[in-house]
Each structure stands twice: as C-alpha cells, then as structure tokens.
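Take a look at the structure below.
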Amino acid sequence: MNGSSADIPQDCTKLEQLELELLLEGLYRLYGYDYRHYVRSSVARRVRSRLAAERLPTITALLERVLHDPEAAKRLMNDFSIPVTEMFRDPLFFYAFRTKVVPILQRLPEVRIWHAGCSSGEEVYSMAMVLEEEGLLAKTKIYATDINESMLERAREGAFPLNRMQAYTTNYIRSGGQREFSSYYDSDQVYAYFCPSLIRNTLFFHHNLVTDRSFNEFHVILCRNVLIYFDLELQSHVHDLFHDSLAPGGILALGSKESLMLTRHRQYYIDLDPQQKIYQARKAQ
C-alpha cells in the first residue's frame with residue numbers, strides 16, 4: 001500500500017483502509033489522476049465528506065459510483081483540491097519577496113515565474129501587483145497552473161468576493177503595498193473585478209504535479225502550502241521536478257508549513273529568507 005502507517009487515520013478500520021486504497025487506485029487507473037501519495041488523513045476526511053454529500057454508506061459504494069459516473073468522480077476530485085488561499089496570504093512573505101527577490105529579478109532581461117498549485121488565483125494577482133509596483137510586470141511571463149479546472153476558470157475571471165476586500169487590503173498594506181489597493185479593481189455589490197492588465201502576461205492552465213513533467217526553465221517557482229498534502233515520497237518527486245525546472249540561481253518559494261530542511265534537496269539551495277521559506281538554487285561551479 002502507498003502511504004505510511006503513521007499517516008492512516010486512527011479511526012479507520014482495516015476494511016476502510018483497503019477501501020480507500022482501492023478508491024484511489026480506481027481514480028488513477030480510470031481517470032489518470034494520482035492521489036495515491038496524498039496524505040491519507042486529509043484524503044480520508046474528504047472522502048467521508050463526499051460520502052455524506054452523496055448519501056452513500058461505504059467507500060466501496062463511492063468507488064462504484066465514481067467508476068460509472070464521471071461527474072461523481074469530478075465532484076470527489078474537486079474535494080481533494082479544496083482551495084485554501086487569499087490575497088497576499090502571509091503578508092511578510094510578500095514583503096520578503098519585494099526586498100530580497102525583486103532586486104535579483106531586476107537584473108534579468110526577462111523573467112519567467114511558475115505558480116504551481118495556483119488554486120483560484122488570488123496569490124497570482126497578488127504577485128502581479130508586486131511586480132507591477134516594482135516595474136517588473138512588463139518583462140515577466142507568469143505560468144499559473146493547477147490540477148482543478150474549475151479553480152483555473154475562476155482565476156481567469158479575476159472576480160473575488162467583495163466582502164473579502166477589507167481583509168485583503170490589510171494584507172496588502174502589511175506586504176509593503178505602494179498604492180491604494182482599491183485602485184486595482186472595480187466592484188458591484190457582490191464581487192471585486194480585478195484589472196485584466198494584471199494578468200496580461202499570465203497563462204492559466206492545467207498541470208498535474210504528480211504525473212506531468214517540466215515545461216520550461218523558470219527564474220522563480222512558487223508552490224506554497226501544496227506539498228503539505230503529499231507524502232514524503234511524492235514531495236521528493238515534486239522537489240526533483242522543481243529543481244530540474246529552475247534556472248541556475250533561481251528562486252524557490254514554499255509555504256509557511258513547508259521546508260527544505262529535512263529533505264535531500266537541501267544541498268541544492270542556499271537560504272535567501274529561511275523564515276519565509278524562500279530559497280535560491282545554487283549556481284553551477
């Protein structure tokens with residue numbers, strides 16, 4: 001079985017553990033989406049939630065449904081990629097990016113950035129604002145990818161709930177924002193619609209970190225609070241992908257709960273801001 005025993009929820013019976021493995025194997029074999037190395041405790045919680053929503057008694061019953069109903073499979077896979085994001089999430093990270101990464105990027109003739117696991121796009125728009133204010137957006141190409149097509153469509157639209165703007169404004173100010181945050185969007189009574197010019201050099205498209213390969217060489221890769229859902233084997237695979245995709249001296253930014261410290265990839269990077277989980281790939285000697 002995939003996944004460590006320590007990762008299996010304590011209240012799962014042996015039968016439920018087997019059912020869960022068969023469910024993930026079925027999704028992979030029939031639909032090509034590989035969740036077999038996702039953290040089991042997280043997967044189990046979301047499967048139980050889907051069981052309740054589908055009014056099914058067992059994981060085996062859910063397996064039968066998803067094998068014969070692609071829409072049911074889509075609903076389940078959307079559960080596995082529930083977004084946890086916001087604009088300028090972890091404001092001190094964006095402040096560190098402004099002060100420590102931007103000077104490096106300003107020396108380059110062009111910049112390529114990969115947002116891996118971009119979800120509904122809030123952090124992509126946040127980064128675009130930083131780049132605009134630092135005079136970098138015009139020469140930057142942003143590749144924003146996710147496994148969830150519905151999240152990508154929301155990201156392309158750039159419409160976010162208006163009731164979140166007060167919190168986002170606070171984050172923006174704490175991140176070192178230089179303008180009026182409201183100048184970046186128009187609004188109605190429900191949504192804030194962000195300026196399309198922010199993503200004029202951005203491509204949103206599907207990419208699966210588990211099964212897909214590198215598609216370019218990047219100066220910055222941001223993958224924040226995605227790896228926490230992967231087991232150690234899959235995390236190592238993704239770190240291989242990122243290292244192969246970074247230009248010499250390129251920047252890797254991880255989430256607040258992630259680190260290179262205990263990985264074999266630690267040797268390939270130097271600390272740029274370890275507190276904010278920003279690392280720079282070592283240049284070839």
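Numbering starts fresh at 1 for the residues of each chain in the structure tokens, the chains themselves are lettered A, B, ... in the order given, and ligands are numbered from 1 as they appear.
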
Checklist entry - Can you tell me, as a VMD selection string, what residues are no more than 10 Å from A:Glu157 when counting only C-alpha atoms, ignoring any on the same chain fewer than 4 positions away? => result chain A and resid 120 to 121 152 to 153 193 to 194 196

Can I get the selected residues back with C-alpha atoms, as a CSV table (one decimal), in the first residue's frame?
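Here's the written file again_0.csv:
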chain,number,residue,atom,x,y,z
A,120,SER,CA,-8.4,30.2,-7.7
A,121,GLY,CA,-5.7,32.8,-8.4
A,152,LEU,CA,-8.4,27.8,-13.1
A,153,GLU,CA,-11.6,29.2,-14.6
A,193,TYR,CA,-13.3,42.5,-10.5
A,194,PHE,CA,-9.5,42.9,-10.8
A,196,PRO,CA,-7.3,42.4,-16.7

Item to check | All helix (DSSP H, G or I) residues (DSSP, backbone) inside stretch 7-195 of chain A, as a ChimeraX atom specification | outcome: /A:7,14-31,40-54,59-68,70-80,91-105,122-133,137-139,149-157,162-174,181-184

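Omitting A:Phe88 and its sequence neighbours fewer than 4 positions away, and counting only C-alpha atoms, the residues within 10 Å are Leu92, Phe93, Phe94, Tyr95, Glu122, Glu123, Val124, Tyr125, Ser126, Met127, Met129, Val130, Ala167, Tyr168, Thr169, Thr170, Asn171, Tyr172, Ile173, Arg174, Ser175 and Gly177 of chain A.
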
For stretch 189-213 of chain A against stretch 140-148 of chain A, with a cut-off of 10 Å and counting only C-alpha atoms, what is the closest atom pair and its distance in Å to one decimal for every residue that makes the cut, ordered by chain and number, as a Markdown table?
| residue | atom | partner | partner_atom | distance |
| --- | --- | --- | --- | --- |
| A:Ile199 | CA | A:Ile142 | CA | 8.2 |
| A:Arg200 | CA | A:Lys141 | CA | 8.9 |
| A:Asn201 | CA | A:Lys141 | CA | 5.2 |
| A:Thr202 | CA | A:Ile142 | CA | 4.6 |
| A:Leu203 | CA | A:Tyr143 | CA | 5.0 |
| A:Phe204 | CA | A:Ala144 | CA | 4.8 |
| A:Phe205 | CA | A:Thr145 | CA | 5.1 |
| A:His206 | CA | A:Asp146 | CA | 5.3 |
| A:His207 | CA | A:Thr145 | CA | 5.5 |
| A:Asn208 | CA | A:Ile147 | CA | 5.3 |
| A:Leu209 | CA | A:Ile147 | CA | 7.9 |
| A:Val210 | CA | A:Ile147 | CA | 9.6 |

Please produce a file of those selected residues containing all heavy atoms, as a JSON list (two decimals), in the first residue's frame.
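And here's selection.json as it stands now:
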[["chain", "number", "residue", "atom", "x", "y", "z"],
["A", 199, "ILE", "N", -3.02, 40.47, -15.48],
["A", 199, "ILE", "CA", -2.69, 39.13, -15.97],
["A", 199, "ILE", "C", -2.49, 39.12, -17.49],
["A", 199, "ILE", "O", -2.67, 38.08, -18.13],
["A", 199, "ILE", "CB", -3.78, 38.11, -15.57],
["A", 199, "ILE", "CG1", -5.15, 38.54, -16.07],
["A", 199, "ILE", "CG2", -3.77, 37.90, -14.06],
["A", 199, "ILE", "CD1", -6.20, 37.43, -15.96],
["A", 200, "ARG", "N", -2.08, 40.25, -18.03],
["A", 200, "ARG", "CA", -1.86, 40.31, -19.48],
["A", 200, "ARG", "C", -0.73, 39.40, -19.93],
["A", 200, "ARG", "O", -0.69, 38.97, -21.09],
["A", 200, "ARG", "CB", -1.60, 41.75, -19.92],
["A", 200, "ARG", "CG", -0.34, 42.39, -19.35],
["A", 200, "ARG", "CD", -0.22, 43.85, -19.80],
["A", 200, "ARG", "NE", 0.95, 44.52, -19.29],
["A", 200, "ARG", "CZ", 0.99, 45.18, -18.15],
["A", 200, "ARG", "NH1", -0.10, 45.22, -17.38],
["A", 200, "ARG", "NH2", 2.09, 45.80, -17.75],
["A", 201, "ASN", "N", 0.19, 39.11, -19.04],
["A", 201, "ASN", "CA", 1.31, 38.21, -19.37],
["A", 201, "ASN", "C", 1.23, 36.90, -18.58],
["A", 201, "ASN", "O", 2.25, 36.27, -18.32],
["A", 201, "ASN", "CB", 2.64, 38.90, -19.06],
["A", 201, "ASN", "CG", 2.89, 40.11, -19.94],
["A", 201, "ASN", "OD1", 2.40, 40.17, -21.06],
["A", 201, "ASN", "ND2", 3.63, 41.08, -19.43],
["A", 202, "THR", "N", 0.01, 36.50, -18.23],
["A", 202, "THR", "CA", -0.18, 35.29, -17.43],
["A", 202, "THR", "C", -0.95, 34.24, -18.22],
["A", 202, "THR", "O", -1.94, 34.54, -18.88],
["A", 202, "THR", "CB", -0.96, 35.60, -16.14],
["A", 202, "THR", "OG1", -0.20, 36.53, -15.35],
["A", 202, "THR", "CG2", -1.20, 34.34, -15.32],
["A", 203, "LEU", "N", -0.47, 33.01, -18.15],
["A", 203, "LEU", "CA", -1.16, 31.86, -18.72],
["A", 203, "LEU", "C", -1.65, 30.97, -17.58],
["A", 203, "LEU", "O", -0.85, 30.55, -16.73],
["A", 203, "LEU", "CB", -0.24, 31.05, -19.63],
["A", 203, "LEU", "CG", 0.21, 31.70, -20.94],
["A", 203, "LEU", "CD1", 1.21, 30.79, -21.64],
["A", 203, "LEU", "CD2", -0.99, 31.95, -21.85],
["A", 204, "PHE", "N", -2.96, 30.72, -17.53],
["A", 204, "PHE", "CA", -3.53, 29.77, -16.58],
["A", 204, "PHE", "C", -3.79, 28.46, -17.31],
["A", 204, "PHE", "O", -4.49, 28.45, -18.33],
["A", 204, "PHE", "CB", -4.85, 30.29, -16.01],
["A", 204, "PHE", "CG", -4.71, 31.48, -15.10],
["A", 204, "PHE", "CD1", -4.93, 32.77, -15.58],
["A", 204, "PHE", "CD2", -4.38, 31.33, -13.76],
["A", 204, "PHE", "CE1", -4.81, 33.87, -14.76],
["A", 204, "PHE", "CE2", -4.26, 32.43, -12.92],
["A", 204, "PHE", "CZ", -4.49, 33.71, -13.42],
["A", 205, "PHE", "N", -3.25, 27.35, -16.82],
["A", 205, "PHE", "CA", -3.52, 26.09, -17.49],
["A", 205, "PHE", "C", -3.32, 24.91, -16.55],
["A", 205, "PHE", "O", -2.70, 25.02, -15.48],
["A", 205, "PHE", "CB", -2.66, 25.93, -18.75],
["A", 205, "PHE", "CG", -1.17, 25.96, -18.51],
["A", 205, "PHE", "CD1", -0.45, 24.79, -18.37],
["A", 205, "PHE", "CD2", -0.48, 27.17, -18.46],
["A", 205, "PHE", "CE1", 0.93, 24.82, -18.18],
["A", 205, "PHE", "CE2", 0.89, 27.21, -18.27],
["A", 205, "PHE", "CZ", 1.60, 26.02, -18.12],
["A", 206, "HIS", "N", -3.87, 23.77, -16.97],
["A", 206, "HIS", "CA", -3.85, 22.56, -16.17],
["A", 206, "HIS", "C", -2.45, 21.96, -16.15],
["A", 206, "HIS", "O", -1.79, 21.83, -17.18],
["A", 206, "HIS", "CB", -4.84, 21.55, -16.75],
["A", 206, "HIS", "CG", -4.89, 20.25, -16.01],
["A", 206, "HIS", "ND1", -4.02, 19.21, -16.24],
["A", 206, "HIS", "CD2", -5.72, 19.83, -15.01],
["A", 206, "HIS", "CE1", -4.31, 18.21, -15.44],
["A", 206, "HIS", "NE2", -5.33, 18.55, -14.69],
["A", 207, "HIS", "N", -2.00, 21.58, -14.95],
["A", 207, "HIS", "CA", -0.75, 20.85, -14.78],
["A", 207, "HIS", "C", -0.86, 20.03, -13.52],
["A", 207, "HIS", "O", -1.31, 20.52, -12.48],
["A", 207, "HIS", "CB", 0.45, 21.80, -14.70],
["A", 207, "HIS", "CG", 1.77, 21.10, -14.62],
["A", 207, "HIS", "ND1", 2.31, 20.65, -13.42],
["A", 207, "HIS", "CD2", 2.67, 20.75, -15.58],
["A", 207, "HIS", "CE1", 3.47, 20.07, -13.65],
["A", 207, "HIS", "NE2", 3.72, 20.12, -14.94],
["A", 208, "ASN", "N", -0.46, 18.76, -13.63],
["A", 208, "ASN", "CA", -0.54, 17.84, -12.50],
["A", 208, "ASN", "C", 0.87, 17.60, -11.99],
["A", 208, "ASN", "O", 1.71, 17.01, -12.68],
["A", 208, "ASN", "CB", -1.18, 16.52, -12.97],
["A", 208, "ASN", "CG", -1.47, 15.57, -11.83],
["A", 208, "ASN", "OD1", -0.81, 15.60, -10.80],
["A", 208, "ASN", "ND2", -2.46, 14.72, -12.01],
["A", 209, "LEU", "N", 1.15, 18.05, -10.78],
["A", 209, "LEU", "CA", 2.48, 17.90, -10.21],
["A", 209, "LEU", "C", 2.87, 16.44, -10.01],
["A", 209, "LEU", "O", 4.06, 16.11, -9.97],
["A", 209, "LEU", "CB", 2.56, 18.63, -8.86],
["A", 209, "LEU", "CG", 2.56, 20.15, -8.91],
["A", 209, "LEU", "CD1", 2.42, 20.72, -7.50],
["A", 209, "LEU", "CD2", 3.82, 20.68, -9.57],
["A", 210, "VAL", "N", 1.88, 15.57, -9.92],
["A", 210, "VAL", "CA", 2.15, 14.16, -9.68],
["A", 210, "VAL", "C", 2.62, 13.45, -10.94],
["A", 210, "VAL", "O", 3.54, 12.65, -10.91],
["A", 210, "VAL", "CB", 0.90, 13.46, -9.11],
["A", 210, "VAL", "CG1", 1.19, 11.98, -8.82],
["A", 210, "VAL", "CG2", 0.40, 14.16, -7.85]]

Checklist entry - Expressed in Å to a single decimal, how great is the separation between atom CA of A:Glu86 and atom CA of A:Val43? => result 22.5 Å

Item to check | Contacts of A:Glu110 at 10 Å (only C-alpha atoms; same-chain gap of 5+ positions) as a PyMOL selection string | outcome: chain A and resi 105+136-141+219

Item to check | Nearby residues (only C-alpha atoms) at most 7 Å from A:Leu222, same-chain spacing under 6 positions excluded, as a list in words | outcome: Trp114, His115, Ala116, Leu252, Ala253 and Leu254 of chain A

Could the residues in this selection be written to a file with C-alpha atoms, as a compact mmCIF listing (two decimals), in the first residue's frame?
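Saved to part-v8.txt:
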# COMPACT_ATOMS: atom_id res chain seq x y z
CA TRP A 114 5.73 29.44 -12.26
CA HIS A 115 2.87 29.47 -9.74
CA ALA A 116 2.39 25.73 -9.11
CA LEU A 252 12.02 28.51 -4.89
CA ALA A 253 9.29 29.73 -2.53
CA LEU A 254 7.42 27.29 -0.29
